[in-house]
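File shown here: coords_6.tsv, holding TSV, C-alpha atoms and all ligand atoms.
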chain	number	residue	atom	x	y	z
F	1	LEU	CA	-11.48	-4.39	-25.39
F	2	ILE	CA	-10.67	-3.25	-21.86
F	3	VAL	CA	-12.93	-4.65	-19.19
F	4	PHE	CA	-12.73	-3.10	-15.75
F	5	ALA	CA	-14.71	-5.45	-13.57
F	6	GLU	CA	-15.39	-4.03	-10.14
F	7	HIS	CA	-14.51	-6.39	-7.27
F	8	ARG	CA	-17.46	-7.52	-5.19
F	9	TYR	CA	-18.04	-5.43	-2.04
F	10	TYR	CA	-16.17	-2.45	-3.48
F	11	GLY	CA	-17.55	0.72	-5.04
F	12	GLN	CA	-21.06	0.11	-6.36
F	13	THR	CA	-20.79	-3.67	-6.33
F	14	LEU	CA	-22.56	-4.32	-3.04
F	15	PRO	CA	-24.34	-7.69	-3.03
F	16	PHE	CA	-26.54	-6.74	-0.05
F	17	GLY	CA	-26.75	-3.01	-0.72
F	18	LYS	CA	-26.07	-0.91	2.32
F	19	ASP	CA	-26.23	-4.02	4.54
F	20	SER	CA	-23.29	-5.65	2.77
F	21	PHE	CA	-20.85	-5.09	5.63
F	22	THR	CA	-22.67	-6.88	8.43
F	23	PRO	CA	-20.73	-9.88	9.80
F	24	LYS	CA	-23.32	-12.21	8.26
F	25	ASN	CA	-23.46	-10.65	4.79
F	26	ILE	CA	-19.78	-9.98	4.33
F	27	ARG	CA	-18.89	-13.68	4.39
F	28	TYR	CA	-18.97	-13.81	0.58
F	29	LEU	CA	-16.08	-11.38	0.33
F	30	THR	CA	-13.04	-13.50	-0.52
F	31	SER	CA	-10.44	-13.38	-3.26
F	32	GLN	CA	-11.56	-16.85	-4.39
F	33	GLN	CA	-15.10	-15.58	-4.96
F	34	ALA	CA	-13.79	-12.47	-6.74
F	35	LEU	CA	-11.70	-14.59	-9.12
F	36	ALA	CA	-14.71	-16.80	-9.78
F	37	ASP	CA	-16.70	-13.67	-10.65
F	38	TYR	CA	-14.07	-12.76	-13.23
F	39	ALA	CA	-14.03	-16.29	-14.62
F	40	LEU	CA	-17.79	-16.25	-15.16
F	41	LEU	CA	-17.77	-12.75	-16.60
F	42	LEU	CA	-15.00	-13.58	-19.07
F	43	THR	CA	-16.57	-16.86	-20.08
F	44	ASP	CA	-19.69	-14.93	-20.91
F	45	LEU	CA	-17.85	-12.15	-22.74
F	46	ARG	CA	-16.00	-14.73	-24.79
F	47	LYS	CA	-19.32	-16.05	-26.01
F	48	GLN	CA	-19.98	-12.59	-27.42
F	49	TYR	CA	-16.51	-11.72	-28.70
F	50	GLY	CA	-15.17	-15.15	-29.64
F	51	ASN	CA	-12.32	-16.98	-27.98
F	52	VAL	CA	-9.88	-14.12	-28.12
F	53	ALA	CA	-6.77	-14.05	-25.93
F	54	THR	CA	-7.36	-12.43	-22.58
F	55	ILE	CA	-4.75	-10.73	-20.42
F	56	SER	CA	-5.34	-9.85	-16.78
F	57	PHE	CA	-3.93	-6.63	-15.35
F	58	GLY	CA	-3.75	-5.21	-11.90
F	59	GLY	CA	-1.79	-3.18	-9.39
F	60	SER	CA	-1.41	-3.77	-5.65
F	61	TYR	CA	-4.16	-6.19	-4.46
F	62	GLY	CA	-5.37	-6.03	-8.06
F	63	GLY	CA	-1.94	-7.26	-9.09
F	64	MET	CA	-2.22	-10.19	-6.71
F	65	LEU	CA	-5.57	-11.02	-8.27
F	66	ALA	CA	-4.18	-10.72	-11.79
F	67	ALA	CA	-1.37	-13.18	-11.02
F	68	TRP	CA	-3.59	-15.56	-9.07
F	69	PHE	CA	-6.18	-15.47	-11.83
F	70	ARG	CA	-3.58	-16.74	-14.29
F	71	ILE	CA	-2.45	-19.37	-11.78
F	72	LYS	CA	-5.96	-20.64	-11.06
F	73	TYR	CA	-7.69	-20.11	-14.44
F	74	PRO	CA	-5.00	-20.53	-17.12
F	75	HIS	CA	-7.65	-21.54	-19.66
F	76	ILE	CA	-9.45	-18.23	-19.24
F	77	THR	CA	-6.56	-15.77	-19.09
F	78	GLN	CA	-3.47	-16.18	-21.26
F	79	GLY	CA	-1.16	-14.07	-19.17
F	80	ALA	CA	-0.99	-11.56	-16.33
F	81	ILE	CA	0.64	-8.22	-15.64
F	82	ALA	CA	0.97	-8.05	-11.88
F	83	SER	CA	2.29	-4.69	-10.76
F	84	SER	CA	3.34	-4.10	-7.14
F	85	ALA	CA	1.58	-7.27	-6.10
F	86	PRO	CA	2.64	-8.25	-2.56
F	87	VAL	CA	1.96	-11.96	-3.06
F	88	ILE	CA	4.53	-12.92	-0.43
F	89	GLN	CA	3.68	-10.30	2.21
F	90	PHE	CA	2.48	-13.17	4.38
F	91	GLU	CA	3.37	-14.93	7.62
F	92	GLY	CA	6.82	-16.48	7.46
F	93	LEU	CA	7.63	-15.29	3.93
F	94	THR	CA	8.56	-11.62	4.47
F	95	PRO	CA	9.95	-10.16	7.71
F	96	PRO	CA	7.41	-7.69	9.18
F	97	ASN	CA	10.05	-4.96	9.54
F	98	ARG	CA	10.92	-5.02	5.84
F	99	PHE	CA	8.14	-2.57	5.00
F	100	MET	CA	9.57	0.01	7.43
F	101	GLN	CA	13.11	-0.49	6.17
F	102	ILE	CA	12.07	0.29	2.61
F	103	ILE	CA	10.22	3.46	3.64
F	104	THR	CA	13.25	4.54	5.65
F	105	LYS	CA	15.47	3.99	2.63
F	106	THR	CA	13.12	5.88	0.31
F	107	PHE	CA	13.18	8.90	2.63
F	108	ASN	CA	16.87	8.65	3.38
F	109	GLU	CA	17.93	8.61	-0.25
F	110	SER	CA	15.53	11.25	-1.54
F	111	LEU	CA	17.93	14.14	-0.82
F	112	ALA	CA	21.14	12.17	-0.53
F	113	GLN	CA	22.55	14.12	-3.47
F	114	GLU	CA	22.54	17.17	-1.16
F	115	GLN	CA	24.19	15.13	1.61
F	116	PHE	CA	20.95	15.42	3.58
F	117	TYR	CA	19.83	12.13	5.09
F	118	CYS	CA	16.19	12.75	5.78
F	119	ALA	CA	15.43	9.53	7.66
F	120	ASN	CA	17.98	10.38	10.36
F	121	TYR	CA	16.01	13.51	11.17
F	122	ILE	CA	12.66	11.78	11.10
F	123	LYS	CA	14.02	9.15	13.48
F	124	GLN	CA	15.22	11.85	15.91
F	125	ALA	CA	11.92	13.66	15.50
F	126	PHE	CA	9.98	10.55	16.50
F	127	GLU	CA	12.22	10.19	19.54
F	128	LEU	CA	11.46	13.77	20.52
F	129	TYR	CA	7.79	13.09	19.88
F	130	GLU	CA	7.91	10.15	22.26
F	131	LYS	CA	9.80	12.11	24.91
F	132	THR	CA	7.35	15.01	24.70
F	133	SER	CA	4.40	12.69	25.15
F	134	GLN	CA	6.08	10.88	28.03
F	135	GLN	CA	6.38	14.29	29.69
F	136	MET	CA	2.67	14.68	28.97
F	137	ASP	CA	3.32	18.02	27.34
F	138	TRP	CA	0.10	17.82	25.32
F	139	LYS	CA	-0.04	21.57	24.78
F	140	THR	CA	3.24	21.54	22.84
F	141	LEU	CA	2.10	18.59	20.75
F	142	GLN	CA	-1.27	20.14	20.00
F	143	ASN	CA	0.35	23.43	18.97
F	144	ARG	CA	3.21	22.02	16.95
F	145	PHE	CA	0.99	19.56	15.09
F	146	HIS	CA	-1.93	21.97	14.63
F	147	VAL	CA	-4.42	19.50	16.07
F	148	CYS	CA	-8.00	20.78	16.40
F	149	LYS	CA	-8.92	19.25	19.76
F	150	PRO	CA	-6.89	19.33	22.98
F	151	LEU	CA	-4.81	16.17	23.32
F	152	SER	CA	-4.66	13.74	26.21
F	153	GLY	CA	-2.92	10.44	26.96
F	154	TYR	CA	-4.89	8.24	24.61
F	155	ASP	CA	-4.10	10.52	21.68
F	156	TYR	CA	-0.41	9.73	21.84
F	157	LEU	CA	-0.83	6.72	19.57
F	158	LYS	CA	-3.52	8.34	17.47
F	159	LEU	CA	-1.35	11.31	16.50
F	160	ARG	CA	1.63	9.05	15.98
F	161	TYR	CA	-0.42	6.85	13.68
F	162	PHE	CA	-1.64	9.94	11.82
F	163	ILE	CA	1.98	10.94	11.11
F	164	GLU	CA	3.13	7.41	10.28
F	165	THR	CA	0.27	6.97	7.85
F	166	ALA	CA	1.29	10.12	5.98
F	167	ILE	CA	4.86	8.83	5.75
F	168	MET	CA	3.90	5.35	4.56
F	169	TYR	CA	1.51	6.51	1.88
F	170	MET	CA	3.90	9.17	0.71
F	171	ALA	CA	6.55	6.51	0.07
F	172	MET	CA	3.97	4.38	-1.71
F	173	ILE	CA	2.91	7.16	-4.04
F	174	ASP	CA	6.26	8.83	-4.59
F	175	TYR	CA	5.49	9.46	-8.26
F	176	PRO	CA	7.46	11.69	-10.67
F	177	THR	CA	4.41	13.82	-11.46
F	178	PRO	CA	1.77	15.49	-9.29
F	179	ALA	CA	-0.86	12.85	-8.58
F	180	ASP	CA	-4.24	12.62	-6.99
F	181	PHE	CA	-4.29	8.91	-6.23
F	182	LEU	CA	-5.06	8.89	-2.48
F	183	GLN	CA	-4.55	12.57	-1.69
F	184	PRO	CA	-3.45	15.34	-4.06
F	185	LEU	CA	0.35	15.42	-3.87
F	186	PRO	CA	3.18	17.25	-5.66
F	187	ALA	CA	5.67	15.48	-7.93
F	188	TRP	CA	8.23	13.41	-5.96
F	189	PRO	CA	6.45	14.14	-2.67
F	190	VAL	CA	9.17	12.52	-0.56
F	191	THR	CA	11.90	14.78	-1.93
F	192	PHE	CA	9.53	17.74	-1.71
F	193	THR	CA	8.90	16.99	1.98
F	194	CYS	CA	12.52	16.32	2.82
F	195	LYS	CA	13.47	19.70	1.35
F	196	LYS	CA	11.05	21.31	3.78
F	197	ILE	CA	12.46	19.24	6.62
F	198	LYS	CA	15.97	20.32	5.67
F	199	GLU	CA	14.96	23.99	6.04
F	200	ILE	CA	13.10	23.44	9.31
F	201	VAL	CA	15.77	21.51	11.18
F	202	THR	CA	18.37	24.26	10.75
F	203	LYS	CA	16.25	26.53	13.00
F	204	SER	CA	17.49	26.87	16.55
F	205	ASP	CA	14.26	25.89	18.23
F	206	GLN	CA	14.12	23.01	20.66
F	207	TYR	CA	10.97	21.71	18.97
F	208	ALA	CA	12.11	22.17	15.37
F	209	LEU	CA	12.09	18.40	14.90
F	210	LEU	CA	8.40	18.28	15.80
F	211	ASP	CA	7.77	20.92	13.15
F	212	ALA	CA	9.60	18.64	10.74
F	213	LEU	CA	7.07	15.89	11.44
F	214	HIS	CA	4.25	18.41	11.09
F	215	ALA	CA	5.66	19.33	7.67
F	216	ILE	CA	5.03	15.74	6.59
F	217	ASP	CA	1.39	15.92	7.71
F	218	ASN	CA	1.06	19.25	6.01
F	219	VAL	CA	2.22	17.93	2.64
F	220	TYR	CA	0.10	14.80	2.85
F	221	TYR	CA	-3.17	15.99	4.38
F	222	ASN	CA	-3.17	19.73	3.63
F	223	SER	CA	-2.00	20.21	0.07
F	224	SER	CA	-4.89	22.62	-0.48
F	225	GLY	CA	-3.49	24.80	2.33
F	226	LYS	CA	-7.08	25.22	3.49
F	227	LEU	CA	-7.06	23.16	6.68
F	228	LYS	CA	-6.88	25.32	9.80
F	229	CYS	CA	-6.21	22.34	12.02
F	230	PHE	CA	-6.06	18.54	11.82
F	231	ASP	CA	-8.83	16.19	12.80
F	232	LEU	CA	-7.00	12.99	13.73
F	233	ASN	CA	-9.94	10.90	12.57
F	234	GLN	CA	-9.43	12.02	8.98
F	235	GLY	CA	-8.82	8.93	6.86
F	236	ILE	CA	-5.98	8.22	4.45
F	237	SER	CA	-8.15	9.14	1.52
F	238	PRO	CA	-11.69	10.52	1.41
F	239	ASP	CA	-13.10	7.96	-1.02
F	240	LEU	CA	-11.05	4.80	-0.78
F	241	GLY	CA	-14.03	2.76	0.47
F	242	ASP	CA	-11.73	0.59	2.52
F	243	GLN	CA	-14.28	-1.27	4.66
F	244	GLY	CA	-14.06	-4.27	2.36
F	245	TRP	CA	-10.29	-4.26	2.52
F	246	ASP	CA	-10.38	-4.07	6.31
F	247	TYR	CA	-12.37	-7.31	6.34
F	248	GLN	CA	-10.08	-9.00	3.83
F	249	ALA	CA	-7.01	-7.91	5.78
F	250	CYS	CA	-8.62	-9.62	8.80
F	251	THR	CA	-9.47	-12.90	7.11
F	252	GLU	CA	-7.29	-14.16	4.24
F	253	MET	CA	-4.98	-11.19	3.61
F	254	ILE	CA	-3.32	-10.94	7.01
F	255	MET	CA	-0.09	-9.16	6.10
F	256	PRO	CA	2.58	-9.00	8.78
F	257	ILE	CA	3.90	-5.45	9.03
F	258	GLY	CA	5.51	-4.08	12.16
F	259	SER	CA	8.27	-1.81	13.31
F	260	GLU	CA	11.34	-3.19	15.04
F	261	LYS	CA	14.23	-1.30	16.51
F	262	THR	CA	16.87	-1.70	13.82
F	263	PRO	CA	19.44	0.85	12.59
F	264	ASP	CA	17.77	1.01	9.17
F	265	ASN	CA	14.29	1.75	10.53
F	266	MET	CA	13.34	5.34	11.42
F	267	PHE	CA	9.98	4.52	13.02
F	268	LEU	CA	9.31	4.02	16.72
F	269	PRO	CA	9.06	0.34	17.66
F	270	ASN	CA	5.69	-1.31	17.20
F	271	PRO	CA	6.39	-4.97	16.48
F	272	TRP	CA	3.99	-7.18	14.57
F	273	ASN	CA	1.81	-9.23	16.90
F	274	LEU	CA	-0.24	-11.82	15.07
F	275	GLN	CA	-2.29	-12.89	18.08
F	276	ALA	CA	-3.25	-9.32	18.98
F	277	PHE	CA	-4.17	-8.69	15.36
F	278	ILE	CA	-6.41	-11.75	15.21
F	279	VAL	CA	-8.15	-10.80	18.46
F	280	GLN	CA	-8.79	-7.27	17.19
F	281	CYS	CA	-10.30	-8.70	14.01
F	282	GLN	CA	-12.50	-11.06	15.98
F	283	LYS	CA	-13.89	-8.05	17.81
F	284	THR	CA	-14.60	-6.15	14.61
F	285	TRP	CA	-15.88	-8.91	12.33
F	286	ASN	CA	-16.71	-11.87	14.58
F	287	ILE	CA	-14.46	-14.10	12.51
F	288	THR	CA	-11.09	-15.74	13.10
F	289	GLY	CA	-8.61	-14.92	10.37
F	290	ARG	CA	-6.53	-17.54	8.58
F	291	PRO	CA	-3.02	-16.14	8.32
F	292	ASN	CA	-1.65	-18.99	6.19
F	293	TRP	CA	-4.55	-19.62	3.86
F	294	ALA	CA	-3.55	-17.34	0.98
F	295	VAL	CA	-0.15	-19.03	0.75
F	296	THR	CA	-1.68	-22.51	1.03
F	297	TYR	CA	-4.22	-21.72	-1.64
F	298	TYR	CA	-2.15	-19.71	-4.14
F	299	GLY	CA	1.39	-20.95	-3.50
F	300	GLY	CA	3.25	-17.94	-2.09
F	301	LYS	CA	6.58	-17.85	-3.93
F	302	ASP	CA	6.42	-21.52	-4.87
F	303	ILE	CA	4.81	-20.87	-8.24
F	304	LYS	CA	7.25	-22.54	-10.63
F	305	ALA	CA	4.36	-24.46	-12.15
F	306	ALA	CA	2.75	-21.20	-13.29
F	307	SER	CA	3.52	-19.42	-16.55
F	308	ASN	CA	3.01	-16.14	-18.39
F	309	ILE	CA	3.17	-13.67	-15.52
F	310	VAL	CA	5.16	-10.44	-15.25
F	311	PHE	CA	5.73	-9.19	-11.72
F	312	THR	CA	6.94	-5.59	-11.47
F	313	ASN	CA	7.88	-3.70	-8.31
F	314	GLY	CA	9.16	-0.18	-7.72
F	315	ASN	CA	12.16	-0.03	-5.40
F	316	LEU	CA	10.74	3.03	-3.59
F	317	ASP	CA	7.53	1.20	-2.73
F	318	PRO	CA	7.31	-0.42	0.71
F	319	TRP	CA	5.17	-3.20	-0.79
F	320	SER	CA	8.07	-4.31	-2.97
F	321	GLY	CA	9.41	-6.14	0.10
F	322	GLY	CA	6.52	-8.59	-0.18
F	323	GLY	CA	6.67	-8.84	-3.96
F	324	ILE	CA	8.35	-11.23	-6.40
F	325	VAL	CA	11.55	-9.41	-7.35
F	326	GLN	CA	13.45	-12.30	-8.93
F	327	SER	CA	12.31	-14.16	-12.00
F	328	ILE	CA	10.98	-17.61	-11.23
F	329	SER	CA	11.21	-19.07	-14.73
F	330	ASP	CA	11.43	-18.02	-18.38
F	331	SER	CA	7.79	-17.08	-18.34
F	332	VAL	CA	7.28	-15.92	-14.75
F	333	ILE	CA	9.39	-12.80	-14.96
F	334	ALA	CA	10.23	-10.22	-12.31
F	335	LEU	CA	11.37	-6.68	-12.96
F	336	VAL	CA	12.36	-4.04	-10.40
F	337	ILE	CA	11.62	-0.48	-11.48
F	338	GLU	CA	14.34	1.84	-10.18
F	339	ASN	CA	12.89	5.07	-8.80
F	340	GLY	CA	9.43	3.61	-9.15
F	341	ALA	CA	6.71	3.79	-6.51
F	342	HIS	CA	3.50	1.74	-6.17
F	343	HIS	CA	2.43	0.41	-9.61
F	344	LEU	CA	3.92	3.36	-11.46
F	345	ASP	CA	4.04	1.28	-14.65
F	346	LEU	CA	0.24	1.11	-14.77
F	347	ARG	CA	-0.13	4.88	-14.52
F	348	SER	CA	-0.26	7.12	-17.58
F	349	ALA	CA	3.00	7.76	-19.35
F	350	SER	CA	4.53	11.18	-18.73
F	351	LYS	CA	7.65	12.95	-19.86
F	352	GLU	CA	8.96	12.82	-16.28
F	353	ASP	CA	8.96	9.02	-16.28
F	354	PRO	CA	12.26	7.41	-15.32
F	355	GLU	CA	13.84	5.24	-18.00
F	356	SER	CA	13.16	2.16	-15.87
F	357	VAL	CA	9.39	2.50	-16.10
F	358	ILE	CA	9.50	3.06	-19.85
F	359	LYS	CA	11.41	-0.23	-20.11
F	360	ALA	CA	8.87	-1.96	-17.87
F	361	ARG	CA	6.02	-0.90	-20.12
F	362	GLN	CA	7.95	-2.14	-23.17
F	363	LEU	CA	8.40	-5.48	-21.45
F	364	HIS	CA	4.65	-5.67	-20.84
F	365	VAL	CA	3.90	-5.06	-24.51
F	366	GLU	CA	6.48	-7.63	-25.63
F	367	GLN	CA	5.16	-10.29	-23.28
F	368	ILE	CA	1.53	-9.64	-24.12
F	369	LYS	CA	2.32	-10.01	-27.83
F	370	LYS	CA	4.06	-13.28	-27.11
F	371	TRP	CA	1.15	-14.63	-25.07
F	372	VAL	CA	-1.38	-13.65	-27.70
F	373	ASP	CA	0.72	-15.30	-30.44
F	374	GLN	CA	1.05	-18.48	-28.37
F	375	TYR	CA	-2.68	-18.58	-27.91
F	376	LYS	CA	-3.42	-18.04	-31.59
F	377	LYS	CA	-1.08	-20.92	-32.51
H	401	LIG	C1	-2.41	24.17	6.02
H	401	LIG	O1	-1.63	24.95	5.16
H	401	LIG	C2	-1.74	26.36	5.40
H	401	LIG	C3	-0.93	27.08	4.30
H	401	LIG	O2	0.38	26.61	4.27
H	401	LIG	C4	-1.24	26.69	6.80
H	401	LIG	O3	-1.39	28.05	7.06
H	401	LIG	C5	-2.06	25.88	7.81
H	401	LIG	O4	-1.57	26.06	9.12
H	401	LIG	C6	-1.99	24.39	7.46
H	401	LIG	N1	-2.85	23.61	8.32
H	401	LIG	C7	-2.39	22.75	9.22
H	401	LIG	C8	-3.41	21.98	9.96
H	401	LIG	O5	-1.23	22.56	9.46
H	402	LIG	C1	-20.48	-14.69	15.89
H	402	LIG	O1	-20.27	-15.90	15.20
H	402	LIG	C2	-20.80	-17.04	15.85
H	402	LIG	C3	-20.35	-18.30	15.11
H	402	LIG	O2	-20.06	-18.09	13.78
H	402	LIG	C4	-22.32	-16.90	15.92
H	402	LIG	O3	-22.89	-18.01	16.59
H	402	LIG	C5	-22.65	-15.61	16.67
H	402	LIG	O4	-24.05	-15.41	16.66
H	402	LIG	C6	-21.96	-14.42	16.03
H	402	LIG	N1	-22.14	-13.23	16.84
H	402	LIG	C7	-22.56	-12.07	16.32
H	402	LIG	C8	-22.64	-10.93	17.28
H	402	LIG	O5	-22.84	-11.91	15.15
Take the structure in the file and give it back as structure tokens.
Amino acid sequence: LIVFAEHRYYGQTLPFGKDSFTPKNIRYLTSQQALADYALLLTDLRKQYGNVATISFGGSYGGMLAAWFRIKYPHITQGAIASSAPVIQFEGLTPPNRFMQIITKTFNESLAQEQFYCANYIKQAFELYEKTSQQMDWKTLQNRFHVCKPLSGYDYLKLRYFIETAIMYMAMIDYPTPADFLQPLPAWPVTFTCKKIKEIVTKSDQYALLDALHAIDNVYYNSSGKLKCFDLNQGISPDLGDQGWDYQACTEMIMPIGSEKTPDNMFLPNPWNLQAFIVQCQKTWNITGRPNWAVTYYGGKDIKAASNIVFTNGNLDPWSGGGIVQSISDSVIALVIENGAHHLDLRSASKEDPESVIKARQLHVEQIKKWVDQYKK
């Protein structure tokens, strides 16, 4: 039996209907409450189906929940498959710049076999972007980036964020097959984009590098080819329903991510600032976040006392920096999936799958069998 239990405050599971996201009503949105929901649901299902072994699965935040569920409720779940679960993307455990370094690497290596180092060009392109906005040449930026409305000073960060978002998500969902996870994208979207960039940057045009950045936007936001111009308020995905996540990221899931000027980071500097982040969240949700709580409550990487968890991470995925990539014990196992993006192992099998992800799925099956046998004994 596969049970897909929707997390409270997501999708249709709105405890206060359309008023669920007011500062007063949203207080019941925590990972602890979500895990308790699962515990009650499974206890009830086990009354119907008997005390069968139960395995928790999840990718991304769902992977964190899967692992934490096993840690907190070992009598209710016999093991967990936690894919791309950034359980140590927290204050003091993972450097904030790590995320950017991984994206840079993913882009830089995507066409390395053609001796084309894509991240170098993106880095230069961002520098040109910054210079052009410092010169307040909004006309050039609006034209080169096909933005619908005329730009002015305040849009400098907005457009930059629009481009950065496309880059980050593209690295996250750099899958071997066309996918429609956040936005419809071609197979290996990073390589696809870097090929376009390679063509563009050979042109003798002083703004060719800006066109290279536009090419990224075009692949990510305009795969249909139907958009005449970009509205910078367009979200990362039309139906992600990320209001709940925004609140969680402000309260117990404060994940330090920021860009620092290092040779292996192609992004413009934008260092992580915990205090500024907390103040911004106070303004939005009237609540003061607790940056250390998740680690205090779940253990961060100090989870030697846990058992029966598989942590997988794709090396292309920026979230792998905040994941468990080394085994912790004989039964808390880590596996890095070469050429894998965000929770690729939980996506459908395809003939384009790299060998590494096939192996990961075999490991899952092996471990699940072991856990079920243990439970039966
Ligand atoms: C979207 O793609 C089409 C086809 O490639 C192109 O003509 C159009 O300019 C693109 N839109 C934007 C906003 O770049
Ligand atoms: C913000 O929270 C405080 C304390 O929790 C409460 O007294 C106040 O009414 C809240 N403000 C708003 C605007 O909800």
Would you compute an axis-aligned box for ligand LIG 401 (chain H), covering every atom listed for it in the file with 6 Å of margin on each side, and report centre and edge lengths in Å to one decimal as JSON?
{"center_x": -1.5, "center_y": 25.0, "center_z": 7.1, "size_x": 15.8, "size_y": 18.1, "size_z": 17.7}
Q | Within 12 Å of Tyr61 in chain F using only C-alpha atoms, minus same-chain residues under 5 positions, as an NGL selection string | A | :F and (7 or 31 or 34 or 66-68 or 82-89 or 245 or 248-249 or 253 or 255 or 319 or 322-323 or 342-343)
Q: Extract, using only C-alpha atoms, all DNA, RNA and protein residues at most 10 Å from Arg70 in chain F, discarding same-chain residues fewer than 3 positions from it, and format them as a ChimeraX atom specification.
A: /F:35,55-56,65-67,73-81,306-309
Q.
Taking 6 positions as the minimum chain separation for residues in the same chain, which residues sit within 12 Å of Leu157 in chain F when counting all atoms listed in the file? Answer as JSON, numbers by chain.
A. {"F": [126, 129, 130, 133, 134, 151, 163, 164, 165, 232, 268, 269, 270]}
Keeping only C-alpha atoms, write the selected residues as a compact mmCIF listing (two decimals), in the coordinates of the input.
# COMPACT_ATOMS: atom_id res chain seq x y z
CA PHE F 126 9.98 10.55 16.50
CA TYR F 129 7.79 13.09 19.88
CA GLU F 130 7.91 10.15 22.26
CA SER F 133 4.40 12.69 25.15
CA GLN F 134 6.08 10.88 28.03
CA LEU F 151 -4.81 16.17 23.32
CA ILE F 163 1.98 10.94 11.11
CA GLU F 164 3.13 7.41 10.28
CA THR F 165 0.27 6.97 7.85
CA LEU F 232 -7.00 12.99 13.73
CA LEU F 268 9.31 4.02 16.72
CA PRO F 269 9.06 0.34 17.66
CA ASN F 270 5.69 -1.31 17.20
Please build the interface table for chain F against ligand LIG 402 (chain H) with a cut-off of 10 Å, listing for each qualifying residue the nearest atom pair and the distance in Å to one decimal; count only C-alpha atoms and all ligand atoms, order rows by chain and increasing number, and write it as JSON lines.
{"residue": "F:Thr22", "atom": "CA", "partner": "H:LIG402", "partner_atom": "O5", "distance": 8.4}
{"residue": "F:Pro23", "atom": "CA", "partner": "H:LIG402", "partner_atom": "O5", "distance": 6.1}
{"residue": "F:Lys24", "atom": "CA", "partner": "H:LIG402", "partner_atom": "O5", "distance": 6.9}
{"residue": "F:Gln282", "atom": "CA", "partner": "H:LIG402", "partner_atom": "C1", "distance": 8.8}
{"residue": "F:Lys283", "atom": "CA", "partner": "H:LIG402", "partner_atom": "C8", "distance": 9.2}
{"residue": "F:Thr284", "atom": "CA", "partner": "H:LIG402", "partner_atom": "C8", "distance": 9.7}
{"residue": "F:Trp285", "atom": "CA", "partner": "H:LIG402", "partner_atom": "O5", "distance": 8.1}
{"residue": "F:Asn286", "atom": "CA", "partner": "H:LIG402", "partner_atom": "C1", "distance": 4.9}
{"residue": "F:Ile287", "atom": "CA", "partner": "H:LIG402", "partner_atom": "O1", "distance": 6.7}
{"residue": "F:Thr288", "atom": "CA", "partner": "H:LIG402", "partner_atom": "O2", "distance": 9.3}
Could you write out the selected residues, including C-alpha atoms, as a CSV table (one decimal), keeping the file's coordinate frame?
chain,number,residue,atom,x,y,z
F,22,THR,CA,-22.7,-6.9,8.4
F,23,PRO,CA,-20.7,-9.9,9.8
F,24,LYS,CA,-23.3,-12.2,8.3
F,282,GLN,CA,-12.5,-11.1,16.0
F,283,LYS,CA,-13.9,-8.0,17.8
F,284,THR,CA,-14.6,-6.2,14.6
F,285,TRP,CA,-15.9,-8.9,12.3
F,286,ASN,CA,-16.7,-11.9,14.6
F,287,ILE,CA,-14.5,-14.1,12.5
F,288,THR,CA,-11.1,-15.7,13.1
